[in-house]
Amino acid sequence: MARGFAGWGNDLYTGRRSYQIVARRRLWYTIALVLVVLSLGLIVKPGLNPGIEFRGGSELVVSDVADPSQDLAIRTVQSVAPEESPRVTNLGTSALRIQTSELTNDQVAEVVLRLAEAFEVPEEQISTSFIGPTWGADVSRQALIGVGVFLLLVTLVMVVYFRNWRMAVAGLIALFHDAIVTVGVYAAVGWEVTPATVIGFLTILAYSVYDGVVVFDKVRENTADTLLQARYTYAEKANLAVNQTLVRSINTSVIALLPVASILVIGAFLLNAGTLRDIALALFVGMFVGTLSSIFLAPPLEVTLREMQADIKAHTRKILAGRTQTDEEGQTTVAEVAVGQLMPGSHQGHSAQPRRKKR
Amino acid sequence: MIGALGASIFGGNMWSDATLTPKLGLDLEGGTQIILTPVTETPGDIPEATINEAIGIIRQRVDASGVAEAQISSQGGNKIVVALPGRPSEETLDLVRRPAQMEFRAVLAVGAPTPVVLPGEEGTTSEGAGEEITGIGEETGTEGPTEGAGLEEQPPAQPGEPSSPSDAAYYITPQVQQEFDELDCTDEKNLTGGLTGPTDTAFVTCNLSGTEKYILGPVEVKGSDISTASSGLETLASGQVGSRWVVSLQFNNAGTTSFATISERLFGMPDPQNRFGIVLDGLVVSAPSMNAVISDGRAEISGSFTRESAATLAQQLNFGSLPITFTVESEQRISATLGSEQLARGLLAGLIGLVLVVIYSLAQYRVLGLLSVASLTVAGLLTYGIITLLSWTQGYRLSLAGVAGLIVAIGITADSFIVYFERIRDELRDGRVLAVAVDHGWKRARRTILASDAINFSAAIVLYTLAVGNVQGFAFTLGLTTLIDLVMVFLFTHPMMKILARRRFFAEGHPWSGLDPRRLGVETTRYVGRGRVRRLGSGGAQDAPEATVPDEAGGSEPSDASRPSSGSRPVSTGAAPGAASMTIAERRAAARKAAQDEPTDDEGEVR
């Protein structure tokens, strides 16, 4: 299989095999737009589920219980605070998490005592936490500031690194796409948003930028001489660049996603909640979407923007016209051109040879 | 480098208190974390110095109460995070939450710090403080006693009514005296502070360093009556700058009035009673004697100050001017079992992730994959060493978020190797020999790796500063591993690659090396100019590319129209590796042959 993969990589590099990623850009734009609209809808309708860090309140975790019965937990809490309707979640197979609104210190002590009795565990095995109402507001504000500052910084990095507004704009659109879709998936899954989610989310913004940098680097390398040659159009050259980085993109994302996926699986199925799971979901979705958008969204967008440029437009028209041929019957045929890396030492066909002025 | 790191940790373990494993954060080890926000009565921002002072006060309280390894730090500029290991008692927690206040009380009696067995020994001369207070610009002791001194000469008033706040006979009840006698200021527990006592009765306490104990009168000036305090060199009467360090303080209107009353009363009293105690958080930070009557609210404390101690006192006074209470923002108690379960699961996830990455890179890069496994191993050891070292020297603690950061970093570190290896492969595809491909590939991969690490590292810094809650650890380990990745690629992977490139196994492109040119689609025979061809490797197991001539018969370019005879010429540009090794005549012959019968692979026969 590895041999096949490497062979596939070669074909992509030489251009023997090529995926029409740039040419089919309308399709990708449509998919991206649908995803974004869907995500925005999800963010509005079920909405994000803020964690206790944002809501404020008290949380108790009873670990190592023989029989994690949610009813028992609810009854125990209500025996102390009758007006409470605690949210109870099973963590893994042997732990229970109970979230209530704010309890006083005495109430918490009382609940801990009764829970320890009810579940027959020593008091030391009950974790409690209390988050004040202002803390939640603070955390939310801090998280928003974080996202804002980060987006600003990332924009700056893109503009400075590419020194080219088209690439920066294309990269930013892809970035927003990644961010929105990630949040949308989070809303759809319905897991709680905690500070861990927020930091995972911010990390994928950085990751998305990096992915874009790699692809655009190759695009820039390939298209530097576009106007100096008459063989390929800008779009074709960009498409070759995307194809050539495809193997690297796949390898990179698989390698990055493997550890994240293992945290996600462990966090989701064994722990059922907590820092690991929250970071991992945001990272997993973000990295996955980020890789896709760095292939299917950012380079096509850049080509679209480029083709609005007058000289590129003229160049493209000239080359396409050169390929079209009208024979005696008035039928036009467009020559198929295989776009590939020019190999030093290999024969480029007669048309590549210098031509005699007079025949 | 790793040897040095390992040696220092091992050495630290042998001769100091370093451990061979990093210390764990609260969420993994279990313990209590309290996040406090200092709140002042006056709205507005709290200066950083005040926060630091508040942290110092809490640290004093916690340390003195005997809780080991408490961590107190500020977060986000206006929060105080107190982390206590284990399950601290409710008293300890109360200690942390208690507000900190500053007040001025007159000294009624001073004693040596140790408990007194026989009563009546109070008032033993104290060499401790030796500080004195004067009005600013006044020379110590030149002014004669003023009429105010007469106040304390008044006969004691009726029982039940103190003649003045310095009325020792009234305030020092037998009970207070007993408490004073029994107080042992050399015992850490008594330096906890926090308890300020009622404002209208005597108060028995120690000084901050535990070298003196005091009976203090009722509160006469509150800390909030101070408007500013600063430290500096004294200004002599002549207007020149002297050589002694002093602390100047300025009271507000209310403070000026009450301080003037105190200074009038205390000035001229016998030794211990002419002093007044500046009490911060229940402990005396300074007890200067009154050497002048200060009526304008501008006082100067002089004595055996160094620059630092003067600055500290000024800071404490400034802190006192903003009476602070603490709001508990969040309080978490994590049981040790929950923490260790989380850690075990986290490590399991890391292990699975690592194994998957290793399998994938071996599948992709064959033996070359071993280089990335080796690099990952070395990077892992380096990270472990640095974290252990940091937890020993800097008190760093690994949290669950930190563990997550480490696991995610596996992928990011491995990514650098992929970038590098893919670049080398690209160069090989362009027909370079391995040694040259490594050099060229490195130059181009270096740029990408630097860009990626720069982005990751700056992201980690921003995340670290903006992080909310307990997830700072994630940003920390992410940043740390990014740096380690950079070091690894430059100092280990690339040099190793250069050495490996010289080995025949890699240089000749063994099928298992992961750098086999044939597998990478490079034709085994290529034209190198001047009529010569070069053959790569032994050419045993050649891939005959399927790009045979007849495939290309369909395409024709406009220029071909004039020469219809060559309709089957290949026009594929650069995409026909097989065709490269043939001359034009041969290719035409092959095309003719192909037109007649089945296409054959005659590539191997081309010499």
# chains A, B, ... in the order shown; residues from 1 in each chain; ligands from 1
call {"tool": "select_by_dssp", "arguments": {"residues": "segment 18-224 of chain A", "states": "helix (DSSP H, G or I)", "output": "PDB file with C-alpha atoms, in the first residue's frame"}}
result
ATOM      1  CA  ARG A  25     -13.586  25.571  -7.680  1.00  0.00           C
ATOM      2  CA  ARG A  26     -17.257  26.423  -7.982  1.00  0.00           C
ATOM      3  CA  LEU A  27     -18.092  23.058  -6.470  1.00  0.00           C
ATOM      4  CA  TRP A  28     -15.788  23.630  -3.513  1.00  0.00           C
ATOM      5  CA  TYR A  29     -17.101  27.133  -2.979  1.00  0.00           C
ATOM      6  CA  THR A  30     -20.621  25.784  -2.887  1.00  0.00           C
ATOM      7  CA  ILE A  31     -19.714  23.049  -0.393  1.00  0.00           C
ATOM      8  CA  ALA A  32     -17.836  25.519   1.800  1.00  0.00           C
ATOM      9  CA  LEU A  33     -20.715  27.969   1.704  1.00  0.00           C
ATOM     10  CA  VAL A  34     -23.222  25.280   2.606  1.00  0.00           C
ATOM     11  CA  LEU A  35     -21.022  24.151   5.518  1.00  0.00           C
ATOM     12  CA  VAL A  36     -20.639  27.686   6.797  1.00  0.00           C
ATOM     13  CA  VAL A  37     -24.355  28.424   6.564  1.00  0.00           C
ATOM     14  CA  LEU A  38     -25.150  25.122   8.240  1.00  0.00           C
ATOM     15  CA  SER A  39     -22.668  25.841  11.024  1.00  0.00           C
ATOM     16  CA  LEU A  40     -24.021  29.339  11.566  1.00  0.00           C
ATOM     17  CA  GLY A  41     -27.474  27.809  11.795  1.00  0.00           C
ATOM     18  CA  LEU A  42     -26.251  25.297  14.350  1.00  0.00           C
ATOM     19  CA  ILE A  43     -24.584  28.033  16.358  1.00  0.00           C
ATOM     20  CA  VAL A  44     -27.863  29.941  16.446  1.00  0.00           C
ATOM     21  CA  ILE A  52     -19.692  25.552  34.306  1.00  0.00           C
ATOM     22  CA  GLU A  53     -16.628  27.781  33.995  1.00  0.00           C
ATOM     23  CA  PHE A  54     -18.744  30.176  31.976  1.00  0.00           C
ATOM     24  CA  ARG A  55     -22.078  29.706  33.767  1.00  0.00           C
ATOM     25  CA  GLN A  70     -27.661   9.373  38.611  1.00  0.00           C
ATOM     26  CA  ASP A  71     -30.943   9.200  40.528  1.00  0.00           C
ATOM     27  CA  LEU A  72     -29.196   8.622  43.794  1.00  0.00           C
ATOM     28  CA  ALA A  73     -26.982  11.635  43.152  1.00  0.00           C
ATOM     29  CA  ILE A  74     -29.922  13.862  42.332  1.00  0.00           C
ATOM     30  CA  ARG A  75     -31.854  12.725  45.395  1.00  0.00           C
ATOM     31  CA  THR A  76     -28.851  13.267  47.630  1.00  0.00           C
ATOM     32  CA  VAL A  77     -28.294  16.792  46.373  1.00  0.00           C
ATOM     33  CA  GLN A  78     -31.979  17.641  46.706  1.00  0.00           C
ATOM     34  CA  SER A  79     -32.041  16.413  50.274  1.00  0.00           C
ATOM     35  CA  VAL A  80     -29.721  19.299  51.091  1.00  0.00           C
ATOM     36  CA  ASN A 105     -19.800  26.551  51.498  1.00  0.00           C
ATOM     37  CA  ASP A 106     -21.851  24.899  54.218  1.00  0.00           C
ATOM     38  CA  GLN A 107     -24.240  23.366  51.729  1.00  0.00           C
ATOM     39  CA  VAL A 108     -21.341  21.972  49.735  1.00  0.00           C
ATOM     40  CA  ALA A 109     -19.821  20.435  52.849  1.00  0.00           C
ATOM     41  CA  GLU A 110     -23.198  18.903  53.688  1.00  0.00           C
ATOM     42  CA  VAL A 111     -23.697  17.539  50.180  1.00  0.00           C
ATOM     43  CA  VAL A 112     -20.202  16.043  50.186  1.00  0.00           C
ATOM     44  CA  LEU A 113     -20.943  14.325  53.470  1.00  0.00           C
ATOM     45  CA  ARG A 114     -24.206  12.849  52.235  1.00  0.00           C
ATOM     46  CA  LEU A 115     -22.808  11.829  48.870  1.00  0.00           C
ATOM     47  CA  ALA A 116     -19.953  10.050  50.577  1.00  0.00           C
ATOM     48  CA  GLU A 117     -22.512   8.211  52.661  1.00  0.00           C
ATOM     49  CA  ALA A 118     -24.831   7.425  49.777  1.00  0.00           C
ATOM     50  CA  PHE A 119     -22.167   6.145  47.426  1.00  0.00           C
ATOM     51  CA  GLU A 123     -14.931  11.905  51.502  1.00  0.00           C
ATOM     52  CA  GLU A 124     -11.502  12.364  49.926  1.00  0.00           C
ATOM     53  CA  GLN A 125     -12.808  10.919  46.697  1.00  0.00           C
ATOM     54  CA  PRO A 133     -20.709  34.372  38.757  1.00  0.00           C
ATOM     55  CA  THR A 134     -18.167  37.082  38.004  1.00  0.00           C
ATOM     56  CA  TRP A 135     -15.536  34.507  37.160  1.00  0.00           C
ATOM     57  CA  GLY A 136     -17.744  33.093  34.440  1.00  0.00           C
ATOM     58  CA  ALA A 137     -18.276  36.534  32.946  1.00  0.00           C
ATOM     59  CA  ASP A 138     -14.559  37.177  33.218  1.00  0.00           C
ATOM     60  CA  VAL A 139     -13.653  33.940  31.520  1.00  0.00           C
ATOM     61  CA  SER A 140     -16.088  34.626  28.708  1.00  0.00           C
ATOM     62  CA  ARG A 141     -14.721  38.098  28.186  1.00  0.00           C
ATOM     63  CA  GLN A 142     -11.155  36.825  28.273  1.00  0.00           C
ATOM     64  CA  ALA A 143     -11.999  34.126  25.747  1.00  0.00           C
ATOM     65  CA  LEU A 144     -13.559  36.656  23.382  1.00  0.00           C
ATOM     66  CA  ILE A 145     -10.562  38.939  23.753  1.00  0.00           C
ATOM     67  CA  GLY A 146      -8.358  35.952  23.035  1.00  0.00           C
ATOM     68  CA  VAL A 147     -10.174  35.093  19.832  1.00  0.00           C
ATOM     69  CA  GLY A 148     -10.157  38.727  18.726  1.00  0.00           C
ATOM     70  CA  VAL A 149      -6.474  39.300  19.409  1.00  0.00           C
ATOM     71  CA  PHE A 150      -5.618  36.027  17.761  1.00  0.00           C
ATOM     72  CA  LEU A 151      -7.519  36.757  14.576  1.00  0.00           C
ATOM     73  CA  LEU A 152      -5.855  40.146  14.379  1.00  0.00           C
ATOM     74  CA  LEU A 153      -2.431  38.630  14.859  1.00  0.00           C
ATOM     75  CA  VAL A 154      -3.034  35.883  12.337  1.00  0.00           C
ATOM     76  CA  THR A 155      -4.166  38.440   9.766  1.00  0.00           C
ATOM     77  CA  LEU A 156      -1.004  40.387  10.392  1.00  0.00           C
ATOM     78  CA  VAL A 157       1.164  37.290  10.019  1.00  0.00           C
ATOM     79  CA  MET A 158      -0.515  36.374   6.736  1.00  0.00           C
ATOM     80  CA  VAL A 159      -0.130  39.829   5.257  1.00  0.00           C
ATOM     81  CA  VAL A 160       3.501  40.099   6.352  1.00  0.00           C
ATOM     82  CA  TYR A 161       4.435  36.589   5.299  1.00  0.00           C
ATOM     83  CA  PHE A 162       2.855  36.568   1.861  1.00  0.00           C
ATOM     84  CA  TRP A 165      -3.018  40.715  -0.434  1.00  0.00           C
ATOM     85  CA  ARG A 166      -4.669  38.041  -2.583  1.00  0.00           C
ATOM     86  CA  MET A 167      -3.011  35.203  -0.731  1.00  0.00           C
ATOM     87  CA  ALA A 168      -3.720  36.888   2.594  1.00  0.00           C
ATOM     88  CA  VAL A 169      -7.387  37.357   1.731  1.00  0.00           C
ATOM     89  CA  ALA A 170      -7.732  33.802   0.445  1.00  0.00           C
ATOM     90  CA  GLY A 171      -5.997  32.486   3.567  1.00  0.00           C
ATOM     91  CA  LEU A 172      -8.218  34.545   5.832  1.00  0.00           C
ATOM     92  CA  ILE A 173     -11.412  33.416   4.154  1.00  0.00           C
ATOM     93  CA  ALA A 174     -10.252  29.828   4.581  1.00  0.00           C
ATOM     94  CA  LEU A 175      -9.412  30.595   8.208  1.00  0.00           C
ATOM     95  CA  PHE A 176     -12.855  31.981   8.943  1.00  0.00           C
ATOM     96  CA  HIS A 177     -14.373  29.008   7.216  1.00  0.00           C
ATOM     97  CA  ASP A 178     -12.370  26.658   9.466  1.00  0.00           C
ATOM     98  CA  ALA A 179     -13.277  28.593  12.589  1.00  0.00           C
ATOM     99  CA  ILE A 180     -16.988  28.756  11.831  1.00  0.00           C
ATOM    100  CA  VAL A 181     -17.256  25.108  10.831  1.00  0.00           C
ATOM    101  CA  THR A 182     -15.374  24.007  13.955  1.00  0.00           C
ATOM    102  CA  VAL A 183     -17.693  25.991  16.205  1.00  0.00           C
ATOM    103  CA  GLY A 184     -20.639  24.611  14.257  1.00  0.00           C
ATOM    104  CA  VAL A 185     -19.524  21.030  14.772  1.00  0.00           C
ATOM    105  CA  TYR A 186     -19.040  21.756  18.443  1.00  0.00           C
ATOM    106  CA  ALA A 187     -22.569  23.113  18.644  1.00  0.00           C
ATOM    107  CA  ALA A 188     -23.899  20.076  16.789  1.00  0.00           C
ATOM    108  CA  VAL A 189     -22.139  17.628  19.105  1.00  0.00           C
ATOM    109  CA  PRO A 195     -11.684  27.078  28.631  1.00  0.00           C
ATOM    110  CA  ALA A 196     -10.036  23.942  27.239  1.00  0.00           C
ATOM    111  CA  THR A 197     -12.268  24.178  24.191  1.00  0.00           C
ATOM    112  CA  VAL A 198     -11.348  27.784  23.719  1.00  0.00           C
ATOM    113  CA  ILE A 199      -7.618  27.112  23.819  1.00  0.00           C
ATOM    114  CA  GLY A 200      -8.024  24.192  21.422  1.00  0.00           C
ATOM    115  CA  PHE A 201      -9.965  26.460  19.119  1.00  0.00           C
ATOM    116  CA  LEU A 202      -7.272  29.121  19.197  1.00  0.00           C
ATOM    117  CA  THR A 203      -4.621  26.505  18.481  1.00  0.00           C
ATOM    118  CA  ILE A 204      -6.335  25.413  15.299  1.00  0.00           C
ATOM    119  CA  LEU A 205      -6.312  28.973  14.050  1.00  0.00           C
ATOM    120  CA  ALA A 206      -2.522  28.825  14.218  1.00  0.00           C
ATOM    121  CA  TYR A 207      -2.514  25.418  12.609  1.00  0.00           C
ATOM    122  CA  SER A 208      -4.732  26.611   9.786  1.00  0.00           C
ATOM    123  CA  VAL A 209      -2.363  29.482   9.065  1.00  0.00           C
ATOM    124  CA  TYR A 210       0.556  27.111   8.899  1.00  0.00           C
ATOM    125  CA  ASP A 211      -1.252  24.774   6.512  1.00  0.00           C
ATOM    126  CA  GLY A 212      -2.035  27.674   4.252  1.00  0.00           C
ATOM    127  CA  VAL A 213       1.573  28.859   4.359  1.00  0.00           C
ATOM    128  CA  VAL A 214       2.851  25.517   3.069  1.00  0.00           C
ATOM    129  CA  VAL A 215       0.433  25.293   0.158  1.00  0.00           C
ATOM    130  CA  PHE A 216       0.839  28.934  -0.822  1.00  0.00           C
ATOM    131  CA  ASP A 217       4.601  28.624  -0.683  1.00  0.00           C
ATOM    132  CA  LYS A 218       4.436  25.993  -3.381  1.00  0.00           C
ATOM    133  CA  VAL A 219       1.868  27.945  -5.387  1.00  0.00           C
ATOM    134  CA  ARG A 220       4.118  30.949  -5.305  1.00  0.00           C
ATOM    135  CA  GLU A 221       7.135  28.886  -6.320  1.00  0.00           C
ATOM    136  CA  ASN A 222       5.291  27.347  -9.261  1.00  0.00           C
ATOM    137  CA  THR A 223       3.601  30.465 -10.526  1.00  0.00           C
TER     138      THR A 223
END
call {"tool": "closest_residue", "arguments": {"among": "A:Phe296, A:Trp191, A:Tyr19, A:Tyr232", "to": "chain B", "atoms": "only C-alpha atoms"}}
result
A:Tyr232
call {"tool": "closest_residue", "arguments": {"among": "B:Gln33, B:Thr482, B:Thr228, B:Ser309", "to": "chain A", "atoms": "only C-alpha atoms"}}
result
B:Gln33
call {"tool": "residues_around", "arguments": {"residues": "Gly30 of chain B", "least_positions_apart": "4", "cutoff": "8 Å", "atoms": "only C-alpha atoms", "output": "list in words"}}
result
Gly25, Leu26, Pro85, Gly86, Arg333, Ile334, Ser335, Ala336, Thr337, Leu338 and Gly339 of chain B
call {"tool": "closest_residue", "arguments": {"among": "A:Pro86, A:Gly190, A:Gly274, A:Gly132", "to": "chain B", "atoms": "only C-alpha atoms"}}
result
A:Gly132
call {"tool": "closest_residue", "arguments": {"among": "B:Gly56, B:Gly239, B:Gly405, B:Gly369", "to": "chain A", "atoms": "only C-alpha atoms"}}
result
B:Gly405
call {"tool": "select_by_dssp", "arguments": {"residues": "segment 290-337 of chain A", "states": "strand (DSSP E)", "output": "list in words"}}
result
Thr324, Gln325, Thr326, Thr332, Thr333 and Val334 of chain A
call {"tool": "write_last_selection", "arguments": {"atoms": "N, CA and C atoms", "output": "PDB file, in the first residue's frame"}}
result
ATOM      1  N   THR A 324      -6.831  26.358 -28.875  1.00  0.00           N
ATOM      2  CA  THR A 324      -8.034  26.104 -29.657  1.00  0.00           C
ATOM      3  C   THR A 324      -7.661  26.129 -31.124  1.00  0.00           C
ATOM      4  N   GLN A 325      -8.237  25.215 -31.831  1.00  0.00           N
ATOM      5  CA  GLN A 325      -7.862  25.106 -33.229  1.00  0.00           C
ATOM      6  C   GLN A 325      -9.132  24.905 -34.031  1.00  0.00           C
ATOM      7  N   THR A 326      -9.284  25.682 -35.050  1.00  0.00           N
ATOM      8  CA  THR A 326     -10.465  25.529 -35.892  1.00  0.00           C
ATOM      9  C   THR A 326     -10.043  24.887 -37.207  1.00  0.00           C
ATOM     10  N   THR A 332     -14.241  23.428 -33.787  1.00  0.00           N
ATOM     11  CA  THR A 332     -13.129  23.835 -32.930  1.00  0.00           C
ATOM     12  C   THR A 332     -12.783  22.693 -31.979  1.00  0.00           C
ATOM     13  N   THR A 333     -11.509  22.446 -31.857  1.00  0.00           N
ATOM     14  CA  THR A 333     -11.059  21.453 -30.896  1.00  0.00           C
ATOM     15  C   THR A 333     -10.090  22.118 -29.941  1.00  0.00           C
ATOM     16  N   VAL A 334     -10.186  21.751 -28.717  1.00  0.00           N
ATOM     17  CA  VAL A 334      -9.254  22.298 -27.725  1.00  0.00           C
ATOM     18  C   VAL A 334      -8.261  21.206 -27.366  1.00  0.00           C
TER      19      VAL A 334
END
call {"tool": "residues_around", "arguments": {"residues": "Val22 of chain A", "least_positions_apart": "6", "cutoff": "7 Å", "atoms": "only C-alpha atoms", "output": "PyMOL selection string"}}
result
chain A and resi 235+239+300
call {"tool": "residues_around", "arguments": {"residues": "Thr448 of chain B", "least_positions_apart": "2", "cutoff": "9 Å", "atoms": "only C-alpha atoms", "output": "PyMOL selection string"}}
result
(chain A and resi 213-214+217) or (chain B and resi 416+419-420+444-446+450-453)
call {"tool": "residues_around", "arguments": {"residues": "Glu192 of chain A", "least_positions_apart": "2", "cutoff": "8 Å", "atoms": "only C-alpha atoms", "output": "VMD selection string"}}
result
chain A and resid 48 to 51 190 194 278
